[in-house]
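K.L.:
Dumping the structure here so I can ask a few things about it.
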Amino acid sequence: MANKETLCVQAGYEPKSGEPRVVPIVQSTTYAYETAGELADLFDLKADGYFYTRLANPTVSAMENKLCALDGGTSAIACASGMSATLLAVLNVCGAGDNIVSSRAIYGGTYNLFSITLKKYGIECRFFDPDDTQENIDRLVDDKTRVIFAETLANPTIVVLDFDKIAAVAKKHKVLFMVDNTLVTPVLCRPLDFGANIVLYSSSKYLDGHAVALGGVIVDGGNFDYSATDRYPEFLVPDESYHGLVYASLGKNAFGVKCRVQMMRDLGAIMSPENAFLTNLGMETLALRMERHSENAKKVAAFLACHEKVEWVKHPSLASDPYHALADKYMPNGMGGMMSFGVKGGSEKAAAFMEKLQMIRIVTHVADVRSCVLHPASTTHRQLSSADLAAIGIADNLIRLSVGIESAEDIIADIDAALNSI
């Protein structure tokens, strides 16, 4: 396998003689063929190719292939957003009467999807504290559990996932282990190396890296044997909606193929070719950017930890951070640019601080080249009750800081000036 720096630049697309060196934007919904048999073979999965962009597109495929190579997976599916990627991945294995076991320390939108929206369709979610014991988490799993879900680095509480603990529960029960790796990327951590089966991304964040392309991606690890358990019967019986295909017979491609020919076919949430082009372009510098994000965040966290107007700081680069050892284990080459901290004085002081910043802006986004802040309790997580916010560790003075790739000296100077003015 090539090194990650090389994969970021080279993987996913190999032009033939005379073809464009850079991945082209194939802005077409459909594709022409000479014979009816060629098209029929595509529908029957007897040949590789494209017939309608709602299912696959050459530009989108190039980006999918690059991320798949970086993660070490067998296939990838690019979706219209990170939320649609999570939804399609879950619906690929869950139906009414099934349940998900999920960490509480997850993105607010995902928490709402699991606790409110999926509940309306008969899918239950059982939440666990990520710091709870393996035994207590194990007790949440029953014969209707289809997914165990967690984030490598939780947004915005900056909790580092204990892969070994959760993977052990999933392996014991032969349940799919899904991990959202958005805030770390495969450059810093590959969940498939630590027991995950499916990896999810909001590609709008670090993968794109420039806040210009909405998207999400599902990466199939190809490391789950659906024929070894009766937990996923839809993989074992012929799918009458797709020529009687038995997905388990596809081995390492079972989840990815089913997700594309069932979920993407019926829900139509594929990434646009232009967004795939922009995401692929951003990924070419992913290794460089993640190194810089990590270096800057380490410096900023150290500064905040010593500031008299800061109550607490969460970033695993700090030796005092409760997740420092786990981050060293799973992310030894960098811990990303995401952190959270609390300004003394509660939500009013937190708002005043953010409004005093000059270079760093208040935006509903994270993980791009520009540093930015947000107050999750009143924005991304405002749909949660006070009890829910407390349960997942979001205080009223919590500020989510996404450290960009600007000069660390300038980032710190902006923060220092704002803190000193309140």
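Note on naming: chains are A, B, ... as they come in the structure tokens, residues start from 1 per chain, ligands start from 1 in the order shown.
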Identify, on the basis of only C-alpha atoms, every residue whose closest approach to stretch 345-351 of chain A does not exceed 7 Å; exclude the query and any residue fewer than 2 positions from it along the same chain; express the result as a list in words.

P.N.:
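After dropping sequence-adjacent residues, the list is Val343, Phe353, Met354, Glu355, Asp396, Asn397, Ile399 and Ile422 of chain A.
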
K.L.:
Please list as a PyMOL selection string every residue within 12 Å of A:Arg146, counting only C-alpha atoms and excluding residues in the same chain fewer than 3 positions away.

P.N.:
chain A and resi 89-102+123-126+140-143+149+170+173-178+226+229-234

K.L.:
Write the selection just made, keeping N, CA and C atoms, as a CSV table (one decimal), in the first residue's frame?

P.N.:
chain,number,residue,atom,x,y,z
A,89,ALA,N,-26.8,4.4,5.7
A,89,ALA,CA,-26.0,3.3,6.3
A,89,ALA,C,-26.9,2.6,7.3
A,90,VAL,N,-27.6,3.3,8.1
A,90,VAL,CA,-28.5,2.7,9.1
A,90,VAL,C,-29.6,2.0,8.5
A,91,LEU,N,-30.3,2.6,7.5
A,91,LEU,CA,-31.5,2.0,6.9
A,91,LEU,C,-31.1,0.7,6.1
A,92,ASN,N,-29.8,0.6,5.7
A,92,ASN,CA,-29.4,-0.5,4.9
A,92,ASN,C,-29.5,-1.8,5.7
A,93,VAL,N,-29.5,-1.7,7.1
A,93,VAL,CA,-29.5,-2.9,7.9
A,93,VAL,C,-30.7,-2.8,9.0
A,94,CYS,N,-31.4,-1.7,9.1
A,94,CYS,CA,-32.4,-1.5,10.1
A,94,CYS,C,-33.8,-1.4,9.6
A,95,GLY,N,-34.8,-1.9,10.2
A,95,GLY,CA,-36.2,-1.7,9.9
A,95,GLY,C,-37.0,-1.6,11.1
A,96,ALA,N,-38.3,-1.4,11.0
A,96,ALA,CA,-39.2,-1.3,12.1
A,96,ALA,C,-39.0,-2.5,13.1
A,97,GLY,N,-38.9,-2.2,14.4
A,97,GLY,CA,-38.7,-3.3,15.4
A,97,GLY,C,-37.2,-3.5,15.7
A,98,ASP,N,-36.3,-3.0,14.9
A,98,ASP,CA,-34.9,-3.1,15.2
A,98,ASP,C,-34.4,-2.0,16.1
A,99,ASN,N,-33.2,-2.1,16.6
A,99,ASN,CA,-32.6,-1.0,17.4
A,99,ASN,C,-31.1,-0.8,17.1
A,100,ILE,N,-30.7,0.4,17.5
A,100,ILE,CA,-29.3,0.9,17.4
A,100,ILE,C,-28.8,1.1,18.8
A,101,VAL,N,-27.6,0.7,19.1
A,101,VAL,CA,-26.9,1.1,20.4
A,101,VAL,C,-25.9,2.1,20.0
A,102,SER,N,-26.0,3.3,20.6
A,102,SER,CA,-25.1,4.4,20.2
A,102,SER,C,-24.5,5.1,21.4
A,123,ILE,N,-37.6,2.4,14.7
A,123,ILE,CA,-36.3,2.0,15.0
A,123,ILE,C,-35.9,2.7,16.3
A,124,GLU,N,-35.6,1.9,17.3
A,124,GLU,CA,-35.2,2.4,18.6
A,124,GLU,C,-33.7,2.7,18.7
A,125,CYS,N,-33.3,3.7,19.5
A,125,CYS,CA,-31.9,3.9,19.8
A,125,CYS,C,-31.7,3.8,21.3
A,126,ARG,N,-30.7,3.1,21.7
A,126,ARG,CA,-30.3,2.9,23.1
A,126,ARG,C,-29.0,3.6,23.3
A,140,LEU,N,-27.0,-3.6,26.7
A,140,LEU,CA,-27.9,-2.9,25.8
A,140,LEU,C,-28.2,-3.6,24.5
A,141,VAL,N,-27.4,-4.6,24.2
A,141,VAL,CA,-27.5,-5.3,23.0
A,141,VAL,C,-28.4,-6.5,23.1
A,142,ASP,N,-29.4,-6.6,22.2
A,142,ASP,CA,-30.3,-7.8,22.2
A,142,ASP,C,-30.4,-8.4,20.8
A,143,ASP,N,-31.3,-9.3,20.5
A,143,ASP,CA,-31.3,-9.9,19.2
A,143,ASP,C,-31.9,-9.0,18.1
A,149,PHE,N,-23.0,2.2,17.3
A,149,PHE,CA,-22.5,3.5,16.6
A,149,PHE,C,-21.7,4.4,17.6
A,170,ALA,N,-19.2,-5.5,19.9
A,170,ALA,CA,-19.8,-5.8,18.6
A,170,ALA,C,-19.4,-7.2,18.1
A,173,HIS,N,-21.3,-10.1,19.8
A,173,HIS,CA,-22.7,-10.3,19.4
A,173,HIS,C,-22.9,-10.4,17.9
A,174,LYS,N,-21.8,-10.3,17.2
A,174,LYS,CA,-21.8,-10.3,15.7
A,174,LYS,C,-22.8,-9.2,15.2
A,175,VAL,N,-22.5,-7.9,15.7
A,175,VAL,CA,-23.3,-6.7,15.3
A,175,VAL,C,-22.3,-5.8,14.6
A,176,LEU,N,-22.8,-5.1,13.5
A,176,LEU,CA,-22.1,-4.2,12.8
A,176,LEU,C,-21.6,-3.0,13.7
A,177,PHE,N,-20.4,-2.6,13.6
A,177,PHE,CA,-19.8,-1.5,14.3
A,177,PHE,C,-19.6,-0.4,13.4
A,178,MET,N,-20.4,0.7,13.5
A,178,MET,CA,-20.3,1.8,12.6
A,178,MET,C,-19.6,3.0,13.3
A,226,TYR,N,-21.8,-11.7,6.8
A,226,TYR,CA,-23.3,-11.7,7.0
A,226,TYR,C,-23.9,-13.1,7.0
A,229,THR,N,-24.2,-15.2,10.7
A,229,THR,CA,-25.2,-14.8,11.7
A,229,THR,C,-26.6,-14.7,11.1
A,230,ASP,N,-27.6,-14.9,11.9
A,230,ASP,CA,-29.0,-14.7,11.4
A,230,ASP,C,-29.5,-13.3,11.8
A,231,ARG,N,-28.6,-12.4,12.2
A,231,ARG,CA,-29.1,-11.1,12.6
A,231,ARG,C,-29.5,-10.2,11.4
A,232,TYR,N,-29.0,-10.5,10.2
A,232,TYR,CA,-29.3,-9.7,9.0
A,232,TYR,C,-29.9,-10.6,7.9
A,233,PRO,N,-31.1,-11.0,8.1
A,233,PRO,CA,-31.7,-12.0,7.2
A,233,PRO,C,-31.9,-11.4,5.8
A,234,GLU,N,-32.0,-10.1,5.6
A,234,GLU,CA,-32.1,-9.5,4.3
A,234,GLU,C,-30.9,-9.6,3.4

K.L.:
Closest to A:Glu284 among A:Thr182, A:Ser272, A:Ser203, A:Gln10, using only C-alpha atoms?

P.N.:
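For A:Glu284, the nearest of the given residues is A:Gln10.
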
K.L.:
Rounded to one decimal, what separation in Å do you get between atom CA of A:Tyr31 and atom CA of A:Asn57?

P.N.:
9.5 Å

K.L.:
Determine, for each residue of stretch 35-89 of chain A having at least one atom at most 12 Å from an atom of stretch 13-30 of chain A, the closest pair of atoms and their separation in Å to one decimal, counting only C-alpha atoms; order by chain and ascending number, as a tab-separated table.

P.N.:
residue	atom	partner	partner_atom	distance
A:Leu39	CA	A:Thr30	CA	11.5
A:Gly49	CA	A:Thr30	CA	11.3
A:Tyr50	CA	A:Thr30	CA	7.8
A:Phe51	CA	A:Thr30	CA	5.7
A:Tyr52	CA	A:Thr30	CA	4.8
A:Thr53	CA	A:Thr29	CA	4.9
A:Arg54	CA	A:Thr29	CA	7.5
A:Leu55	CA	A:Thr29	CA	9.9
A:Ala56	CA	A:Thr29	CA	9.5
A:Asn57	CA	A:Val26	CA	7.3
A:Pro58	CA	A:Val26	CA	6.5
A:Thr59	CA	A:Ile25	CA	5.7
A:Val60	CA	A:Val26	CA	8.7
A:Ser61	CA	A:Tyr13	CA	8.7
A:Ala62	CA	A:Tyr13	CA	5.4
A:Met63	CA	A:Tyr13	CA	8.2
A:Glu64	CA	A:Tyr13	CA	10.0
A:Asn65	CA	A:Tyr13	CA	7.7
A:Lys66	CA	A:Tyr13	CA	7.7
A:Leu67	CA	A:Tyr13	CA	11.4
A:Ala69	CA	A:Tyr13	CA	11.1

K.L.:
Pull N, CA and C atoms from the residues just selected and write them as a CSV table (one decimal), in the first residue's frame.

P.N.:
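What landed in selection_26.csv:
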chain,number,residue,atom,x,y,z
A,39,LEU,N,-26.2,-2.7,-21.5
A,39,LEU,CA,-27.0,-2.0,-20.4
A,39,LEU,C,-27.6,-3.0,-19.5
A,49,GLY,N,-19.7,-0.1,-14.8
A,49,GLY,CA,-19.9,1.0,-15.7
A,49,GLY,C,-21.0,1.9,-15.1
A,50,TYR,N,-21.6,2.8,-15.9
A,50,TYR,CA,-22.5,3.8,-15.5
A,50,TYR,C,-23.8,3.8,-16.4
A,51,PHE,N,-24.9,3.9,-15.7
A,51,PHE,CA,-26.1,4.0,-16.6
A,51,PHE,C,-27.0,5.1,-16.1
A,52,TYR,N,-26.9,5.6,-14.8
A,52,TYR,CA,-27.7,6.7,-14.4
A,52,TYR,C,-27.0,7.3,-13.2
A,53,THR,N,-26.9,8.6,-13.1
A,53,THR,CA,-26.1,9.2,-12.1
A,53,THR,C,-26.7,9.2,-10.7
A,54,ARG,N,-28.0,8.8,-10.6
A,54,ARG,CA,-28.5,8.6,-9.2
A,54,ARG,C,-27.9,7.4,-8.5
A,55,LEU,N,-27.3,6.5,-9.3
A,55,LEU,CA,-26.6,5.4,-8.7
A,55,LEU,C,-25.1,5.5,-8.7
A,56,ALA,N,-24.5,6.0,-9.8
A,56,ALA,CA,-23.1,6.1,-9.9
A,56,ALA,C,-22.7,7.1,-11.0
A,57,ASN,N,-21.5,7.7,-10.8
A,57,ASN,CA,-21.1,8.7,-11.8
A,57,ASN,C,-19.5,8.7,-11.8
A,58,PRO,N,-18.9,8.9,-12.9
A,58,PRO,CA,-17.4,8.7,-12.9
A,58,PRO,C,-16.7,9.7,-12.0
A,59,THR,N,-17.1,10.9,-11.9
A,59,THR,CA,-16.5,11.9,-11.0
A,59,THR,C,-16.7,11.5,-9.6
A,60,VAL,N,-17.9,11.1,-9.3
A,60,VAL,CA,-18.2,10.7,-7.9
A,60,VAL,C,-17.4,9.4,-7.6
A,61,SER,N,-17.3,8.5,-8.5
A,61,SER,CA,-16.5,7.3,-8.3
A,61,SER,C,-15.1,7.5,-8.0
A,62,ALA,N,-14.5,8.5,-8.7
A,62,ALA,CA,-13.1,8.8,-8.4
A,62,ALA,C,-12.8,9.2,-7.0
A,63,MET,N,-13.7,10.1,-6.5
A,63,MET,CA,-13.6,10.5,-5.1
A,63,MET,C,-13.9,9.4,-4.1
A,64,GLU,N,-14.9,8.5,-4.4
A,64,GLU,CA,-15.2,7.4,-3.6
A,64,GLU,C,-13.9,6.4,-3.5
A,65,ASN,N,-13.3,6.2,-4.7
A,65,ASN,CA,-12.2,5.3,-4.7
A,65,ASN,C,-11.0,5.8,-3.9
A,66,LYS,N,-10.8,7.1,-4.0
A,66,LYS,CA,-9.7,7.7,-3.2
A,66,LYS,C,-9.9,7.5,-1.7
A,67,LEU,N,-11.1,7.8,-1.2
A,67,LEU,CA,-11.4,7.6,0.2
A,67,LEU,C,-11.3,6.2,0.6
A,69,ALA,N,-9.5,3.9,-0.7
A,69,ALA,CA,-8.1,3.5,-0.6
A,69,ALA,C,-7.4,4.0,0.7

K.L.:
Report as a VMD selection string all protein, DNA and RNA residues lying within 10 Å of A:Val313, evaluated on only C-alpha atoms, omitting residues in the same chain fewer than 2 positions from it.

P.N.:
chain A and resid 158 301 to 306 310 to 311 315 to 316 318 320 to 321 339 to 343 398 to 399

K.L.:
May I have the residues within 12 Å of A:His210 as a VMD selection string, using only C-alpha atoms and disregarding those fewer than 6 positions away in the same chain?

P.N.:
chain A and resid 203 to 204 275 278 to 283 285 to 286 289 365 to 371 404 to 405

K.L.:
Output the selection as a PDB file, in the first residue's frame - N, CA and C atoms for each residue.

P.N.:
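Once everything was written out, this is out-v6.pdb:
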ATOM      1  N   SER A 203     -18.240  14.624   4.485  1.00  0.00           N
ATOM      2  CA  SER A 203     -17.100  15.060   3.665  1.00  0.00           C
ATOM      3  C   SER A 203     -17.043  16.568   3.533  1.00  0.00           C
ATOM      4  N   SER A 204     -18.111  17.259   3.970  1.00  0.00           N
ATOM      5  CA  SER A 204     -18.149  18.726   3.970  1.00  0.00           C
ATOM      6  C   SER A 204     -17.088  19.310   4.891  1.00  0.00           C
ATOM      7  N   ASN A 275     -19.709  18.587  -6.618  1.00  0.00           N
ATOM      8  CA  ASN A 275     -19.254  18.489  -5.231  1.00  0.00           C
ATOM      9  C   ASN A 275     -18.220  17.386  -5.058  1.00  0.00           C
ATOM     10  N   LEU A 278     -14.905  18.848  -6.258  1.00  0.00           N
ATOM     11  CA  LEU A 278     -14.322  19.759  -5.272  1.00  0.00           C
ATOM     12  C   LEU A 278     -13.790  18.993  -4.055  1.00  0.00           C
ATOM     13  N   THR A 279     -14.518  17.968  -3.625  1.00  0.00           N
ATOM     14  CA  THR A 279     -14.068  17.168  -2.486  1.00  0.00           C
ATOM     15  C   THR A 279     -12.792  16.421  -2.824  1.00  0.00           C
ATOM     16  N   ASN A 280     -12.746  15.852  -4.008  1.00  0.00           N
ATOM     17  CA  ASN A 280     -11.540  15.150  -4.450  1.00  0.00           C
ATOM     18  C   ASN A 280     -10.346  16.100  -4.514  1.00  0.00           C
ATOM     19  N   LEU A 281     -10.585  17.297  -4.991  1.00  0.00           N
ATOM     20  CA  LEU A 281      -9.523  18.304  -5.067  1.00  0.00           C
ATOM     21  C   LEU A 281      -9.026  18.651  -3.666  1.00  0.00           C
ATOM     22  N   GLY A 282      -9.956  18.814  -2.731  1.00  0.00           N
ATOM     23  CA  GLY A 282      -9.571  19.111  -1.362  1.00  0.00           C
ATOM     24  C   GLY A 282      -8.774  17.984  -0.739  1.00  0.00           C
ATOM     25  N   MET A 283      -9.149  16.745  -1.026  1.00  0.00           N
ATOM     26  CA  MET A 283      -8.476  15.597  -0.433  1.00  0.00           C
ATOM     27  C   MET A 283      -7.023  15.458  -0.875  1.00  0.00           C
ATOM     28  N   THR A 285      -4.787  17.583  -0.638  1.00  0.00           N
ATOM     29  CA  THR A 285      -3.940  18.223   0.379  1.00  0.00           C
ATOM     30  C   THR A 285      -4.324  17.789   1.797  1.00  0.00           C
ATOM     31  N   LEU A 286      -5.126  16.748   1.923  1.00  0.00           N
ATOM     32  CA  LEU A 286      -5.631  16.332   3.231  1.00  0.00           C
ATOM     33  C   LEU A 286      -4.514  16.009   4.221  1.00  0.00           C
ATOM     34  N   ARG A 289      -2.850  19.202   5.361  1.00  0.00           N
ATOM     35  CA  ARG A 289      -3.721  20.026   6.205  1.00  0.00           C
ATOM     36  C   ARG A 289      -3.913  19.430   7.595  1.00  0.00           C
ATOM     37  N   HIS A 365     -20.219  25.631  11.088  1.00  0.00           N
ATOM     38  CA  HIS A 365     -19.339  24.728  10.353  1.00  0.00           C
ATOM     39  C   HIS A 365     -18.124  24.445  11.207  1.00  0.00           C
ATOM     40  N   VAL A 366     -17.422  23.392  10.841  1.00  0.00           N
ATOM     41  CA  VAL A 366     -16.152  23.065  11.476  1.00  0.00           C
ATOM     42  C   VAL A 366     -15.225  22.458  10.435  1.00  0.00           C
ATOM     43  N   ALA A 367     -13.959  22.345  10.807  1.00  0.00           N
ATOM     44  CA  ALA A 367     -13.021  21.491  10.080  1.00  0.00           C
ATOM     45  C   ALA A 367     -12.745  21.928   8.655  1.00  0.00           C
ATOM     46  N   ASP A 368     -12.506  23.226   8.472  1.00  0.00           N
ATOM     47  CA  ASP A 368     -11.949  23.666   7.198  1.00  0.00           C
ATOM     48  C   ASP A 368     -10.731  24.535   7.479  1.00  0.00           C
ATOM     49  N   VAL A 369     -10.134  25.098   6.456  1.00  0.00           N
ATOM     50  CA  VAL A 369      -8.855  25.796   6.599  1.00  0.00           C
ATOM     51  C   VAL A 369      -8.947  27.034   7.478  1.00  0.00           C
ATOM     52  N   ARG A 370     -10.162  27.590   7.650  1.00  0.00           N
ATOM     53  CA  ARG A 370     -10.333  28.818   8.420  1.00  0.00           C
ATOM     54  C   ARG A 370     -10.768  28.498   9.844  1.00  0.00           C
ATOM     55  N   SER A 371     -10.172  29.131  10.811  1.00  0.00           N
ATOM     56  CA  SER A 371     -10.578  28.938  12.202  1.00  0.00           C
ATOM     57  C   SER A 371     -11.974  29.517  12.418  1.00  0.00           C
ATOM     58  N   GLY A 404      -7.938  26.376  12.443  1.00  0.00           N
ATOM     59  CA  GLY A 404      -7.602  26.298  11.025  1.00  0.00           C
ATOM     60  C   GLY A 404      -6.117  26.144  10.770  1.00  0.00           C
ATOM     61  N   ILE A 405      -5.712  26.463   9.554  1.00  0.00           N
ATOM     62  CA  ILE A 405      -4.298  26.314   9.166  1.00  0.00           C
ATOM     63  C   ILE A 405      -3.595  27.665   9.047  1.00  0.00           C
TER      64      ILE A 405
END

K.L.:
So what do you get for atom CA of A:Thr6 versus atom CA of A:Thr185, distance-wise?

P.N.:
15.3 Å

K.L.:
Under the rule of at most 7 Å, produce a per-residue listing of stretch 148-221 of chain A near stretch 323-337 of chain A: chain, number, name, the closest pair of atoms, and the distance in Å, as JSON lines, using only C-alpha atoms.

P.N.:
{"residue": "A:Val159", "atom": "CA", "partner": "A:Tyr323", "partner_atom": "CA", "distance": 6.8}
{"residue": "A:Val160", "atom": "CA", "partner": "A:Tyr323", "partner_atom": "CA", "distance": 5.8}
{"residue": "A:Asp162", "atom": "CA", "partner": "A:Leu326", "partner_atom": "CA", "distance": 6.6}
{"residue": "A:Leu183", "atom": "CA", "partner": "A:Gly336", "partner_atom": "CA", "distance": 6.9}
{"residue": "A:Val184", "atom": "CA", "partner": "A:Gly336", "partner_atom": "CA", "distance": 5.9}
{"residue": "A:Leu188", "atom": "CA", "partner": "A:Met331", "partner_atom": "CA", "distance": 5.6}
{"residue": "A:Cys189", "atom": "CA", "partner": "A:Met331", "partner_atom": "CA", "distance": 5.6}
